[in-house]
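Down below is the structure, laid out as structure tokens.
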Amino acid sequence: MIGLPAGTRIWMAAGVTDMRCGFNSLAAKVETALNENPFSGHVFVFRGRRGDLLKILWSTGDGLILLAKRLERGRFIWPQATEGSVSLSPAQLSMLLEGIDWRRPERTQYPMSGL
């Protein structure tokens, strides 16, 4: 993932989005459905109906970036809400993009106590 500037907010659009949407349609969804400014520098994440494809819209100040990722196996974990948005941390976004359940990450190995 591209490094995000400090203070960048990450928003997941709840529900499903038509993945045929491009820059302009997703920017319009940010304005209408999320009541946010698509050119604010925040990151907006959208998921398709099947759950194996997502798109990320991000404004860098001089233009929009549109990223897409499709999982070959499995589905992206998404909130149950059908409208609105959910805020993520950069670490949660990284887990989401890897197909990990970002809501309840569990350590598989705990640090050993001192020698």
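Labels used: A, B, ... for chains in the order of the structure tokens, numbers from 1 for residues in each chain, and numbers from 1 for ligands as shown.
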
Out of chain A, which residues get helix (DSSP H, G or I) from DSSP, as a list in words?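 Reading the DSSP output for chain A, helix (DSSP H, G or I) covers Phe23, Asn24, Ser25, Leu26, Ala27, Ala28, Lys29, Val30, Glu31, Thr32, Ala33, Pro90, Ala91, Gln92, Leu93, Ser94, Met95, Leu96 and Leu97 of chain A.
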
Residues from last step as file, N, CA, C and O atoms, as a PDB file, in the first residue's frame:
ATOM      1  N   PHE A  23     -13.923   6.982 -11.329  1.00  0.00           N
ATOM      2  CA  PHE A  23     -13.567   8.155 -10.539  1.00  0.00           C
ATOM      3  C   PHE A  23     -14.780   9.026 -10.203  1.00  0.00           C
ATOM      4  O   PHE A  23     -15.047   9.313  -9.043  1.00  0.00           O
ATOM      5  N   ASN A  24     -15.490   9.468 -11.236  1.00  0.00           N
ATOM      6  CA  ASN A  24     -16.571  10.435 -11.033  1.00  0.00           C
ATOM      7  C   ASN A  24     -17.732   9.848 -10.248  1.00  0.00           C
ATOM      8  O   ASN A  24     -18.282  10.507  -9.361  1.00  0.00           O
ATOM      9  N   SER A  25     -18.123   8.616 -10.550  1.00  0.00           N
ATOM     10  CA  SER A  25     -19.248   7.996  -9.849  1.00  0.00           C
ATOM     11  C   SER A  25     -18.926   7.744  -8.385  1.00  0.00           C
ATOM     12  O   SER A  25     -19.763   7.966  -7.510  1.00  0.00           O
ATOM     13  N   LEU A  26     -17.708   7.287  -8.092  1.00  0.00           N
ATOM     14  CA  LEU A  26     -17.331   7.051  -6.703  1.00  0.00           C
ATOM     15  C   LEU A  26     -17.207   8.372  -5.943  1.00  0.00           C
ATOM     16  O   LEU A  26     -17.607   8.463  -4.779  1.00  0.00           O
ATOM     17  N   ALA A  27     -16.680   9.403  -6.586  1.00  0.00           N
ATOM     18  CA  ALA A  27     -16.601  10.718  -5.945  1.00  0.00           C
ATOM     19  C   ALA A  27     -18.004  11.236  -5.623  1.00  0.00           C
ATOM     20  O   ALA A  27     -18.235  11.812  -4.547  1.00  0.00           O
ATOM     21  N   ALA A  28     -18.955  11.009  -6.523  1.00  0.00           N
ATOM     22  CA  ALA A  28     -20.337  11.414  -6.273  1.00  0.00           C
ATOM     23  C   ALA A  28     -20.932  10.634  -5.107  1.00  0.00           C
ATOM     24  O   ALA A  28     -21.672  11.193  -4.288  1.00  0.00           O
ATOM     25  N   LYS A  29     -20.605   9.339  -4.988  1.00  0.00           N
ATOM     26  CA  LYS A  29     -21.086   8.524  -3.860  1.00  0.00           C
ATOM     27  C   LYS A  29     -20.509   9.032  -2.540  1.00  0.00           C
ATOM     28  O   LYS A  29     -21.197   9.026  -1.517  1.00  0.00           O
ATOM     29  N   VAL A  30     -19.259   9.474  -2.555  1.00  0.00           N
ATOM     30  CA  VAL A  30     -18.648  10.033  -1.341  1.00  0.00           C
ATOM     31  C   VAL A  30     -19.448  11.260  -0.900  1.00  0.00           C
ATOM     32  O   VAL A  30     -19.762  11.417   0.280  1.00  0.00           O
ATOM     33  N   GLU A  31     -19.805  12.102  -1.844  1.00  0.00           N
ATOM     34  CA  GLU A  31     -20.540  13.323  -1.517  1.00  0.00           C
ATOM     35  C   GLU A  31     -21.966  13.036  -1.060  1.00  0.00           C
ATOM     36  O   GLU A  31     -22.420  13.593  -0.067  1.00  0.00           O
ATOM     37  N   THR A  32     -22.674  12.168  -1.774  1.00  0.00           N
ATOM     38  CA  THR A  32     -24.093  11.952  -1.479  1.00  0.00           C
ATOM     39  C   THR A  32     -24.323  10.950  -0.348  1.00  0.00           C
ATOM     40  O   THR A  32     -25.079  11.226   0.577  1.00  0.00           O
ATOM     41  N   ALA A  33     -23.694   9.797  -0.411  1.00  0.00           N
ATOM     42  CA  ALA A  33     -23.956   8.752   0.578  1.00  0.00           C
ATOM     43  C   ALA A  33     -23.186   8.951   1.878  1.00  0.00           C
ATOM     44  O   ALA A  33     -23.677   8.619   2.956  1.00  0.00           O
ATOM     45  N   PRO A  90      -4.905   2.991   9.634  1.00  0.00           N
ATOM     46  CA  PRO A  90      -4.052   2.461   8.560  1.00  0.00           C
ATOM     47  C   PRO A  90      -3.726   0.972   8.757  1.00  0.00           C
ATOM     48  O   PRO A  90      -3.668   0.219   7.788  1.00  0.00           O
ATOM     49  N   ALA A  91      -3.544   0.536  10.008  1.00  0.00           N
ATOM     50  CA  ALA A  91      -3.261  -0.881  10.270  1.00  0.00           C
ATOM     51  C   ALA A  91      -4.465  -1.745   9.894  1.00  0.00           C
ATOM     52  O   ALA A  91      -4.312  -2.826   9.309  1.00  0.00           O
ATOM     53  N   GLN A  92      -5.671  -1.284  10.216  1.00  0.00           N
ATOM     54  CA  GLN A  92      -6.875  -2.034   9.857  1.00  0.00           C
ATOM     55  C   GLN A  92      -7.046  -2.094   8.344  1.00  0.00           C
ATOM     56  O   GLN A  92      -7.460  -3.121   7.810  1.00  0.00           O
ATOM     57  N   LEU A  93      -6.722  -1.002   7.642  1.00  0.00           N
ATOM     58  CA  LEU A  93      -6.789  -1.016   6.181  1.00  0.00           C
ATOM     59  C   LEU A  93      -5.819  -2.047   5.620  1.00  0.00           C
ATOM     60  O   LEU A  93      -6.172  -2.793   4.705  1.00  0.00           O
ATOM     61  N   SER A  94      -4.619  -2.114   6.165  1.00  0.00           N
ATOM     62  CA  SER A  94      -3.640  -3.112   5.708  1.00  0.00           C
ATOM     63  C   SER A  94      -4.176  -4.526   5.896  1.00  0.00           C
ATOM     64  O   SER A  94      -4.040  -5.371   5.012  1.00  0.00           O
ATOM     65  N   MET A  95      -4.788  -4.778   7.053  1.00  0.00           N
ATOM     66  CA  MET A  95      -5.366  -6.107   7.297  1.00  0.00           C
ATOM     67  C   MET A  95      -6.500  -6.393   6.329  1.00  0.00           C
ATOM     68  O   MET A  95      -6.590  -7.490   5.778  1.00  0.00           O
ATOM     69  N   LEU A  96      -7.361  -5.403   6.109  1.00  0.00           N
ATOM     70  CA  LEU A  96      -8.476  -5.569   5.167  1.00  0.00           C
ATOM     71  C   LEU A  96      -7.947  -5.958   3.797  1.00  0.00           C
ATOM     72  O   LEU A  96      -8.442  -6.910   3.174  1.00  0.00           O
ATOM     73  N   LEU A  97      -6.923  -5.256   3.319  1.00  0.00           N
ATOM     74  CA  LEU A  97      -6.379  -5.521   1.988  1.00  0.00           C
ATOM     75  C   LEU A  97      -5.732  -6.902   1.886  1.00  0.00           C
ATOM     76  O   LEU A  97      -5.624  -7.462   0.800  1.00  0.00           O
TER      77      LEU A  97
END

Using only C-alpha atoms, what table do you get, as a Markdown table, when you list each residue of range 3-33 of chain A with an atom no more than 10 Å from range 71-82 of chain A, its nearest pair of atoms, and their distance in Å rounded to one decimal, rows by chain then rising number?
| residue | atom | partner | partner_atom | distance |
| --- | --- | --- | --- | --- |
| A:Met12 | CA | A:Trp78 | CA | 8.4 |
| A:Ala13 | CA | A:Thr82 | CA | 8.8 |
| A:Ala14 | CA | A:Thr82 | CA | 5.4 |
| A:Gly15 | CA | A:Thr82 | CA | 4.2 |
| A:Val16 | CA | A:Thr82 | CA | 7.6 |

How would the residues just chosen look if you wrote them out with all heavy atoms as a compact mmCIF listing (two decimals), in the first residue's frame?
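Result saved to result35.txt:
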# COMPACT_ATOMS: atom_id res chain seq x y z
N MET A 12 -14.72 3.42 5.21
CA MET A 12 -15.34 2.33 4.45
C MET A 12 -16.78 2.71 4.20
O MET A 12 -17.49 3.07 5.15
CB MET A 12 -15.34 1.03 5.26
CG MET A 12 -14.00 0.45 5.53
SD MET A 12 -14.13 -0.98 6.63
CE MET A 12 -14.84 -2.18 5.56
N ALA A 13 -17.23 2.63 2.98
CA ALA A 13 -18.63 2.88 2.66
C ALA A 13 -19.41 1.60 2.95
O ALA A 13 -19.16 0.57 2.33
CB ALA A 13 -18.78 3.28 1.20
N ALA A 14 -20.31 1.65 3.92
CA ALA A 14 -21.10 0.47 4.28
C ALA A 14 -21.99 0.07 3.11
O ALA A 14 -22.32 0.87 2.24
CB ALA A 14 -21.94 0.77 5.52
N GLY A 15 -22.38 -1.19 3.08
CA GLY A 15 -23.20 -1.69 2.00
C GLY A 15 -22.34 -2.08 0.80
O GLY A 15 -21.13 -2.22 0.91
N VAL A 16 -23.00 -2.27 -0.32
CA VAL A 16 -22.29 -2.67 -1.53
C VAL A 16 -22.32 -1.54 -2.56
O VAL A 16 -23.19 -0.69 -2.54
CB VAL A 16 -22.88 -3.96 -2.16
CG1 VAL A 16 -22.71 -5.13 -1.22
CG2 VAL A 16 -24.33 -3.77 -2.52

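Taking CA of Gly63 in chain A and CA of Arg20 in chain A as endpoints, the distance between them is 20.1 Å.
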
Contact residues around Asp62 in chain A with only C-alpha atoms at 12 Å, ignoring same-chain residues under 5 positions, as a list of chain:residue names: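 The residues satisfying every condition are A:Phe39, A:Ser40, A:Gly41.
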